[in-house]
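Step one of this worksheet: look at the structure below.
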Amino acid sequence: DMLANGTNPPKIMPYLGDCYDALANCKFVDDPETGQKSTKTVNVMVAKDKEQCPLVAPFTMEGEVENYLNQLTEAMQHSLKSLMSDACDSAAMWDQPGGNLPREEWLFKYNCQNGLTTTQIFWTAETTAALEEYELGQEDAVKKYLLLCNDRLNKLIELVLRELSKNDRVKIITLITMDVHSRDVVDKCIVDKIEGPGTFLWQQQLRFYWQESTLDCAIKICDFQTLYFYEWVGNTGRLVITPLTDRCYITLTMALRLFLGGAPAGPAGTGKTETTKDLARAFAIPCYVFNCSDQMNFQTMADIFRGLAQTGAWGCFDEFNRI
């Protein structure tokens, strides 16, 4: 159906959700010549959870459907990259005395993904700086930063008590979830009296580093490092991070570094699939979940792997032992 209607973009919109993790629809611009909606040019992406994200430049769908969908993916990544750059620039003024945009107001300007990742980038930079100061002999550097973390967290909690739209509420609750974990890590650094940023307690955390020159975001955990993939994940909530989640992250990323696969095992309903999906969301990489059955043969698997290899996406195979 997509190939048959390739020249008529509005007809293929219902199928976007099958091709992308979060993207479900696009808003067509008004055509200035006819005064009606254009059938080729879009300027806003709409997620499955109805969150909207503007494209940096209007995107025109012309030519073969398989070509312009690839170009749409590039336009999506480019838009998220420039929004992230803008978010990082404006986030530098969060706690400045003359700053006119504190964090609890700043987060409404950006979509959930950019707001969350920028928060993680700044938490990484600020915690590293505090640990370095502590290493150089400033005894209360990390304790001061813990007070700042608590202050920011309390402001978000006050925000949740107000009247909010559904999407804003989900976004703020997700931010609170990540903030609580970040605060706990800083607190553990103080309790365990760690020496500096080189210690394992800090190295085992998922850390985000903004690279101004290339507008890339480097992600590091233990010995593993990768770049942020800029796939739009929408306004989905994130998991509460427990010590077990941390261990799963380390195991899965170490497997990636050794070019292996990871296989979390455990009882039903403990969150194996969700943890894998959550790590993919943190990296902003598409993750496709397949429920395996005894009907699957080597050809089915070959087709799936062929697709995953072409897109660079992750595959999560549930109940793998049934095959």
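Identifiers for the structure tokens are assigned positionally: chains receive A, B, ... in sequence, residues are indexed from 1 per chain, and ligands are indexed from 1 in the order shown.
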Problem - Within 7 Å of range 176-179 of chain A using only C-alpha atoms, minus same-chain residues under 2 positions, as a VMD selection string - result: chain A and resid 153 156 172 to 174 181 to 183 240
Report as JSON lines: every residue of range 221-318 of chain A with an atom at most 12 Å from range 164-171 of chain A, its closest pair of atoms, and their distance in Å to one decimal, counting only C-alpha atoms, with rows sorted by chain and ascending residue number.
{"residue": "A:Gly234", "atom": "CA", "partner": "A:Lys171", "partner_atom": "CA", "distance": 10.0}
{"residue": "A:Asn235", "atom": "CA", "partner": "A:Lys171", "partner_atom": "CA", "distance": 6.5}
{"residue": "A:Thr236", "atom": "CA", "partner": "A:Val170", "partner_atom": "CA", "distance": 7.6}
{"residue": "A:Gly237", "atom": "CA", "partner": "A:Val170", "partner_atom": "CA", "distance": 6.5}
{"residue": "A:Arg238", "atom": "CA", "partner": "A:Lys171", "partner_atom": "CA", "distance": 9.6}
Writing out the chosen residues with N, CA and C atoms as an mmCIF file, in the first residue's frame:
data_model
loop_
_atom_site.group_PDB
_atom_site.id
_atom_site.type_symbol
_atom_site.label_atom_id
_atom_site.label_comp_id
_atom_site.auth_asym_id
_atom_site.auth_seq_id
_atom_site.Cartn_x
_atom_site.Cartn_y
_atom_site.Cartn_z
ATOM 1 N N GLY A 234 9.719 10.444 21.333
ATOM 2 C CA GLY A 234 8.433 10.944 21.815
ATOM 3 C C GLY A 234 8.427 11.185 23.317
ATOM 4 N N ASN A 235 7.242 11.383 23.855
ATOM 5 C CA ASN A 235 7.101 11.711 25.275
ATOM 6 C C ASN A 235 6.685 10.470 26.052
ATOM 7 N N THR A 236 7.501 9.418 25.958
ATOM 8 C CA THR A 236 7.198 8.198 26.719
ATOM 9 C C THR A 236 7.869 8.336 28.083
ATOM 10 N N GLY A 237 7.266 7.789 29.096
ATOM 11 C CA GLY A 237 7.900 7.837 30.417
ATOM 12 C C GLY A 237 9.176 7.012 30.432
ATOM 13 N N ARG A 238 9.958 7.152 31.483
ATOM 14 C CA ARG A 238 11.181 6.351 31.615
ATOM 15 C C ARG A 238 11.100 5.524 32.894
#
Practice task
Return the single residue from A:Gln295, A:Asp216, A:Gln225, A:Val289 that is closest to His78 in chain A, with distances computed using only C-alpha atoms.
Solution key: A:Asp216
Neighbour list for Leu3 in chain A as a short mmCIF file (atom, residue, chain, number, x, y, z; two decimals) with C-alpha atoms, in the first residue's frame, cut-off 9 Å, only C-alpha atoms, skip fewer than 3 positions in-chain:
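Final file, out-v9.cif:
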data_model
loop_
_atom_site.label_atom_id
_atom_site.label_comp_id
_atom_site.auth_asym_id
_atom_site.auth_seq_id
_atom_site.Cartn_x
_atom_site.Cartn_y
_atom_site.Cartn_z
CA GLY A 6 4.12 6.71 -2.77
CA THR A 7 3.24 9.78 -4.83
CA ILE A 12 0.99 6.86 3.64
CA GLU A 64 10.28 7.41 -4.56
CA VAL A 65 8.65 6.67 -1.18
CA GLU A 66 11.66 4.67 0.09
#
Problem - Selected residue, from A:Gln211, A:Thr270, A:Asn321, A:Ser38, that lies nearest to Pro58 in chain A when counting only C-alpha atoms - result: A:Ser38
Exercise for the section: Assign secondary structure with DSSP using the backbone only, and return the residues of range 250-298 of chain A in strand (DSSP E) as a count of residues only. Expected result: 5
Exercise for the section: Would you kindly return, as a PyMOL selection string, each protein, DNA or RNA residue with an atom no farther than 8 Å from any atom of Asn291 in chain A, considering only C-alpha atoms and excluding same-chain residues fewer than 2 positions away? Expected result: chain A and resi 289+293+317-320
Residue selection dump (N, CA and C atoms) as a PDB file, in the first residue's frame:
ATOM      1  N   VAL A 289      10.709  -4.696  19.093  1.00  0.00           N
ATOM      2  CA  VAL A 289      10.505  -5.859  19.962  1.00  0.00           C
ATOM      3  C   VAL A 289       9.765  -6.936  19.174  1.00  0.00           C
ATOM      4  N   SER A 293       8.035 -17.073  18.435  1.00  0.00           N
ATOM      5  CA  SER A 293       7.136 -18.227  18.592  1.00  0.00           C
ATOM      6  C   SER A 293       7.754 -19.419  17.878  1.00  0.00           C
ATOM      7  N   PHE A 317      14.365  -9.643  21.229  1.00  0.00           N
ATOM      8  CA  PHE A 317      13.602 -10.871  20.951  1.00  0.00           C
ATOM      9  C   PHE A 317      13.094 -11.457  22.258  1.00  0.00           C
ATOM     10  N   ASP A 318      11.768 -11.338  22.436  1.00  0.00           N
ATOM     11  CA  ASP A 318      11.140 -11.843  23.663  1.00  0.00           C
ATOM     12  C   ASP A 318      10.910 -13.348  23.552  1.00  0.00           C
ATOM     13  N   GLU A 319      11.046 -14.059  24.652  1.00  0.00           N
ATOM     14  CA  GLU A 319      10.796 -15.503  24.681  1.00  0.00           C
ATOM     15  C   GLU A 319      11.617 -16.207  23.587  1.00  0.00           C
ATOM     16  N   PHE A 320      12.896 -15.881  23.539  1.00  0.00           N
ATOM     17  CA  PHE A 320      13.791 -16.382  22.498  1.00  0.00           C
ATOM     18  C   PHE A 320      13.893 -17.914  22.509  1.00  0.00           C
TER      19      PHE A 320
END
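Between CA of Cys222 in chain A and CA of Arg257 in chain A there is a distance of 10.3 Å.
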Exercise for the section: Tell me which protein, DNA and RNA residues are within 6 Å of Ile285 in chain A, counting only C-alpha atoms, leaving out same-chain ones fewer than 3 positions away, and put them as an NGL selection string. Expected result: :A and (229 or 231 or 280)
Practice task
Write out as number ranges by chain each polymer residue whose atoms come within 12 Å of Cys189 in chain A, counting only C-alpha atoms; drop sequence neighbours fewer than 2 positions from it.
Solution key: A: 127-128, 130-131, 134, 140-143, 145-146, 182-187, 191-203, 205
Residues as selected, N, CA and C atoms, written as an mmCIF file, in the first residue's frame, can you do that?
data_model
loop_
_atom_site.group_PDB
_atom_site.id
_atom_site.type_symbol
_atom_site.label_atom_id
_atom_site.label_comp_id
_atom_site.auth_asym_id
_atom_site.auth_seq_id
_atom_site.Cartn_x
_atom_site.Cartn_y
_atom_site.Cartn_z
ATOM 1 N N THR A 127 28.346 17.270 38.013
ATOM 2 C CA THR A 127 28.833 16.277 38.987
ATOM 3 C C THR A 127 30.329 16.053 38.808
ATOM 4 N N THR A 128 30.765 15.960 37.535
ATOM 5 C CA THR A 128 32.204 15.781 37.270
ATOM 6 C C THR A 128 32.994 16.941 37.850
ATOM 7 N N ALA A 130 32.128 18.943 40.328
ATOM 8 C CA ALA A 130 32.106 18.887 41.803
ATOM 9 C C ALA A 130 33.099 17.836 42.321
ATOM 10 N N LEU A 131 33.169 16.687 41.645
ATOM 11 C CA LEU A 131 34.088 15.624 42.067
ATOM 12 C C LEU A 131 35.552 16.050 41.863
ATOM 13 N N TYR A 134 36.430 18.359 44.646
ATOM 14 C CA TYR A 134 36.630 17.579 45.875
ATOM 15 C C TYR A 134 38.013 16.929 45.867
ATOM 16 N N ASP A 140 33.617 20.487 50.671
ATOM 17 C CA ASP A 140 32.145 20.512 50.599
ATOM 18 C C ASP A 140 31.618 20.692 49.176
ATOM 19 N N ALA A 141 32.463 20.489 48.162
ATOM 20 C CA ALA A 141 32.034 20.721 46.769
ATOM 21 C C ALA A 141 30.839 19.847 46.386
ATOM 22 N N VAL A 142 30.910 18.550 46.705
ATOM 23 C CA VAL A 142 29.835 17.620 46.310
ATOM 24 C C VAL A 142 28.590 17.870 47.166
ATOM 25 N N LYS A 143 28.803 18.232 48.446
ATOM 26 C CA LYS A 143 27.651 18.507 49.325
ATOM 27 C C LYS A 143 26.871 19.733 48.829
ATOM 28 N N TYR A 145 26.689 20.689 45.764
ATOM 29 C CA TYR A 145 25.955 20.301 44.546
ATOM 30 C C TYR A 145 24.711 19.478 44.895
ATOM 31 N N LEU A 146 24.792 18.674 45.965
ATOM 32 C CA LEU A 146 23.623 17.899 46.403
ATOM 33 C C LEU A 146 22.477 18.834 46.803
ATOM 34 N N SER A 182 19.571 10.855 39.773
ATOM 35 C CA SER A 182 20.778 11.692 39.734
ATOM 36 C C SER A 182 21.145 12.163 41.143
ATOM 37 N N ARG A 183 20.111 12.590 41.898
ATOM 38 C CA ARG A 183 20.333 13.057 43.275
ATOM 39 C C ARG A 183 20.895 11.923 44.137
ATOM 40 N N ASP A 184 20.339 10.708 43.951
ATOM 41 C CA ASP A 184 20.789 9.557 44.736
ATOM 42 C C ASP A 184 22.251 9.212 44.446
ATOM 43 N N VAL A 185 22.649 9.357 43.176
ATOM 44 C CA VAL A 185 24.045 9.068 42.809
ATOM 45 C C VAL A 185 24.982 10.055 43.508
ATOM 46 N N VAL A 186 24.606 11.348 43.479
ATOM 47 C CA VAL A 186 25.432 12.375 44.139
ATOM 48 C C VAL A 186 25.507 12.092 45.637
ATOM 49 N N ASP A 187 24.363 11.691 46.213
ATOM 50 C CA ASP A 187 24.309 11.384 47.645
ATOM 51 C C ASP A 187 25.226 10.198 47.970
ATOM 52 N N VAL A 191 28.312 9.689 50.672
ATOM 53 C CA VAL A 191 28.302 8.649 51.708
ATOM 54 C C VAL A 191 29.523 7.744 51.581
ATOM 55 N N ASP A 192 29.861 7.369 50.332
ATOM 56 C CA ASP A 192 30.992 6.451 50.112
ATOM 57 C C ASP A 192 32.340 7.164 50.087
ATOM 58 N N LYS A 193 32.302 8.508 50.223
ATOM 59 C CA LYS A 193 33.529 9.325 50.241
ATOM 60 C C LYS A 193 34.453 8.980 49.056
ATOM 61 N N ILE A 194 33.871 9.018 47.841
ATOM 62 C CA ILE A 194 34.703 8.650 46.690
ATOM 63 C C ILE A 194 35.703 9.758 46.385
ATOM 64 N N GLU A 195 36.864 9.360 45.837
ATOM 65 C CA GLU A 195 37.994 10.301 45.708
ATOM 66 C C GLU A 195 37.849 11.301 44.571
ATOM 67 N N GLY A 196 37.256 10.859 43.453
ATOM 68 C CA GLY A 196 37.192 11.758 42.302
ATOM 69 C C GLY A 196 36.412 11.129 41.165
ATOM 70 N N PRO A 197 36.401 11.773 39.993
ATOM 71 C CA PRO A 197 35.593 11.275 38.878
ATOM 72 C C PRO A 197 36.110 9.969 38.266
ATOM 73 N N GLY A 198 37.285 9.507 38.664
ATOM 74 C CA GLY A 198 37.837 8.276 38.089
ATOM 75 C C GLY A 198 37.360 7.013 38.790
ATOM 76 N N THR A 199 36.635 7.152 39.900
ATOM 77 C CA THR A 199 36.227 5.965 40.676
ATOM 78 C C THR A 199 35.088 5.204 39.989
ATOM 79 N N PHE A 200 34.962 3.922 40.313
ATOM 80 C CA PHE A 200 33.994 3.071 39.615
ATOM 81 C C PHE A 200 32.556 3.513 39.846
ATOM 82 N N LEU A 201 32.246 4.012 41.038
ATOM 83 C CA LEU A 201 30.872 4.435 41.335
ATOM 84 C C LEU A 201 30.393 5.476 40.324
ATOM 85 N N TRP A 202 31.298 6.357 39.903
ATOM 86 C CA TRP A 202 30.928 7.381 38.916
ATOM 87 C C TRP A 202 31.036 6.832 37.490
ATOM 88 N N GLN A 203 32.043 5.989 37.242
ATOM 89 C CA GLN A 203 32.239 5.449 35.892
ATOM 90 C C GLN A 203 31.096 4.518 35.470
ATOM 91 N N GLN A 205 27.975 4.953 35.897
ATOM 92 C CA GLN A 205 26.740 5.667 35.552
ATOM 93 C C GLN A 205 26.689 5.952 34.052
#
Exercise for the section: Have a look at CA of Ile221 in chain A and CA of Ala255 in chain A and let me know their distance in Å, one decimal. Expected result: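 Atom-to-atom, CA of Ile221 in chain A to CA of Ala255 in chain A, that is 12.1 Å.
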Practice task
Would you list the contacts of Met93 in chain A as a PyMOL selection string, taking every protein, DNA or RNA residue within 12 Å and counting only C-alpha atoms, but skipping same-chain residues closer than 3 positions in sequence?
Solution key: chain A and resi 87-90+96-103+105-106+122
Fill in the blank from the handout: Students should find that CA of Arg322 in chain A and CA of Asp294 in chain A are spaced 5.5 Å
Practice task
Using DSSP on the backbone coordinates, identify the residues of range 122-172 of chain A assigned to helix (DSSP H, G or I); present them as a VMD selection string.
Solution key: chain A and resid 122 to 135 141 to 160 166 to 172
